[in-house]
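Q: I am attaching a structure below and will ask some questions about it afterwards.
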Amino acid sequence: MNSITELSKIERCWNTIGIVGDRTCSELSHFIHCRNCPVYSSAGRNLLERSLPENYQSEWTQFFAETTVKADNELELVPVKSDILTSTKALTVAIFRLQREWLALPAQVLKETISPSLIHTIPHRSNEILKGLVNIRGELQLCISLSHLLHLETAETTPESLSPLVYSRMIVIEKAGNSWVFAVDEFYGLHKFDDSELRDAPNSGTSAAHTYIKGFFHWQSRSLSYVDDELLFMSLRRKVLS
């Protein structure tokens with residue numbers, strides 16, 4: 001496949017005098033790494049933007065056609081028993097920590113996470129639940145304390161974290177055009193569970209308000225409370241906006 005080989009022939013000084021070579025390039029002291037050098041960027045751009053060599057398309061067409069024929073010849077059909085076909089539904093959740101509680105919300109309501117921002121109090125309106133307003137790229141968003149809404153107890157000692165480096169974050173959630181911002185002590189990210197892994201919430205109360213928890217997952221030797229997002233947004237509208 002001569003034309004395909006020809007397409008890959010570009011200047012590769014980074015392999016000889018650059019970071020992969022003997023590092024004698026005088027520009028390394030300035031750019032530190034070849035990927036920061038305009039020569040490296042230009043080579044990549046030229047590779048992507050150059051015209052296709054003659055017979056390039058026909059050679060790849062022939063290559064994939066031969067591969068498909070070979071795969072078909074080696075294909076072995078195995079009957080599948082109907083009783084092993086199961087229907088499962090995945091639940092993707094956003095996981096975060098407030099005080100000592102690990103909580104999860106449906107990933108669909110997670111809009112973004114941001115670094116902690118200054119909260120501007122609203123005269124005669126700010127309280128334990130409504131903390132004030134946060135400026136997110138020029139747009140003011142209502143900031144609430146989810147800890148107070150869920151009646152979480154303040155942790156006297158720092159609980160064990162998932163990572164030696166813990167960064168507090170602010171989470172922006174949105175549903176049906178309503179957006180809210182709240183601070184969290186630790187944000188893990190997104191995780192996928194099978195819906196069969198969701199267990200009913202225990203009858204006994206927990207430190208998080210039992211009303212807002214519709215179930216829990218066993219996750220990394222922890223009990224992860226799954227927050228009822230419908231009830232959460234409804235309560236925020238009633239307690240804050242009314």
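A note on labels: chains of the structure tokens are A, B, ... as shown, every chain counts residues from 1, and ligands are counted from 1 in their shown order.
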For region 182-191 of chain A, work out the shell of residues within 9 Å, counting only C-alpha atoms and skipping chain neighbours fewer than 5 positions away, then give it as a ChimeraX atom specification.
A: /A:91-99,107,113,116,131,142-147,161-162,166-173
Q: Please identify which residues in region 82-189 of chain A DSSP calls helix (DSSP H, G or I) from the backbone, and express them as a list of chain:residue names.
A: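 Taking region 82-189 of chain A and keeping helix (DSSP H, G or I) gives A:Ser82, A:Asp83, A:Ile84, A:Ala107, A:Gln108, A:Val109, A:Leu146, A:Ser147, A:His148, A:Leu149.
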Q: So which residues touch Pro123 (chain A) within 12 Å, counting only C-alpha atoms, skipping near sequence neighbours fewer than 4 positions away, as an MDAnalysis selection string?
A: chainID A and resid 127 130:133
Q: Residues as selected, C-alpha atoms, written as a PDB file, in the first residue's frame, can you do that?
A:
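And here is the file that came out, out_26.pdb:
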ATOM      1  CA  ASN A 127     -31.144  31.925  55.258  1.00  0.00           C
ATOM      2  CA  LEU A 130     -30.919  29.824  50.511  1.00  0.00           C
ATOM      3  CA  LYS A 131     -27.360  31.094  50.806  1.00  0.00           C
ATOM      4  CA  GLY A 132     -27.551  33.709  48.039  1.00  0.00           C
ATOM      5  CA  LEU A 133     -26.434  34.143  44.447  1.00  0.00           C
TER       6      LEU A 133
END
Q: Which region 91-125 of chain A residues have any atom within 6 Å of an atom of region 220-241 of chain A, and for each, what is the nearest pair of atoms with distance in Å to one decimal, counting only C-alpha atoms, rows sorted by chain and number, as CSV?
A:
residue,atom,partner,partner_atom,distance
A:Trp102,CA,A:Leu224,CA,5.3
A:Leu103,CA,A:Ser225,CA,4.8
A:Ala104,CA,A:Tyr226,CA,4.8
A:Leu105,CA,A:Val227,CA,5.6
Q: Residues of the last selection are to be written out with C-alpha atoms, as a PDB file, in the first residue's frame.
A:
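For reference, result_5.pdb as written:
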ATOM      1  CA  TRP A 102     -22.018   9.991  50.364  1.00  0.00           C
ATOM      2  CA  LEU A 103     -24.911  10.923  48.090  1.00  0.00           C
ATOM      3  CA  ALA A 104     -25.899  10.393  44.481  1.00  0.00           C
ATOM      4  CA  LEU A 105     -28.145  12.252  42.060  1.00  0.00           C
TER       5      LEU A 105
END
Q: So that I can check the surroundings of region 26-34 of chain A, please list as a list in words every protein, DNA and RNA residue that reaches within 10 Å of it, counting only C-alpha atoms and ignoring chain neighbours fewer than 5 positions away.
A: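 The filter keeps Cys13, Trp14, Asn15, Ile17, Gly18, Ile19, Val20, Val39, Tyr40 and Ser41 of chain A.
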Q: Write out, as a PDB file, in the first residue's frame, the residues just selected, with N, CA and C atoms.
A:
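As a result, selection-v3.pdb now contains:
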ATOM      1  N   CYS A  13      11.559  15.589  13.315  1.00  0.00           N
ATOM      2  CA  CYS A  13      12.778  16.001  14.014  1.00  0.00           C
ATOM      3  C   CYS A  13      12.726  15.654  15.492  1.00  0.00           C
ATOM      4  N   TRP A  14      11.507  15.521  16.036  1.00  0.00           N
ATOM      5  CA  TRP A  14      11.388  15.187  17.463  1.00  0.00           C
ATOM      6  C   TRP A  14      11.906  13.798  17.776  1.00  0.00           C
ATOM      7  N   ASN A  15      12.013  12.945  16.730  1.00  0.00           N
ATOM      8  CA  ASN A  15      12.536  11.595  16.926  1.00  0.00           C
ATOM      9  C   ASN A  15      14.058  11.539  16.846  1.00  0.00           C
ATOM     10  N   ILE A  17      16.410  14.826  17.153  1.00  0.00           N
ATOM     11  CA  ILE A  17      17.057  15.800  18.033  1.00  0.00           C
ATOM     12  C   ILE A  17      16.111  16.304  19.114  1.00  0.00           C
ATOM     13  N   GLY A  18      14.882  15.763  19.100  1.00  0.00           N
ATOM     14  CA  GLY A  18      13.883  16.229  20.053  1.00  0.00           C
ATOM     15  C   GLY A  18      13.799  15.378  21.296  1.00  0.00           C
ATOM     16  N   ILE A  19      12.628  15.379  21.919  1.00  0.00           N
ATOM     17  CA  ILE A  19      12.426  14.738  23.207  1.00  0.00           C
ATOM     18  C   ILE A  19      12.581  13.228  23.129  1.00  0.00           C
ATOM     19  N   VAL A  20      12.314  12.637  21.949  1.00  0.00           N
ATOM     20  CA  VAL A  20      12.469  11.186  21.772  1.00  0.00           C
ATOM     21  C   VAL A  20      13.873  10.842  21.313  1.00  0.00           C
ATOM     22  N   VAL A  39       6.823  23.635  15.166  1.00  0.00           N
ATOM     23  CA  VAL A  39       7.210  22.675  14.125  1.00  0.00           C
ATOM     24  C   VAL A  39       6.400  21.392  14.284  1.00  0.00           C
ATOM     25  N   TYR A  40       6.248  20.949  15.507  1.00  0.00           N
ATOM     26  CA  TYR A  40       5.466  19.744  15.806  1.00  0.00           C
ATOM     27  C   TYR A  40       4.004  19.956  15.429  1.00  0.00           C
ATOM     28  N   SER A  41       3.452  21.124  15.806  1.00  0.00           N
ATOM     29  CA  SER A  41       2.053  21.427  15.489  1.00  0.00           C
ATOM     30  C   SER A  41       1.840  21.530  13.989  1.00  0.00           C
TER      31      SER A  41
END
Q: Between A:Ala176, A:His210, A:Trp219, A:His151, which has the minimum distance to Glu197 (chain A) (counting only C-alpha atoms)?
A: A:Trp219
Q: Any idea what the distance is between CA of Ile129 (chain A) and CA of Ala201 (chain A)?
A: 24.3 Å
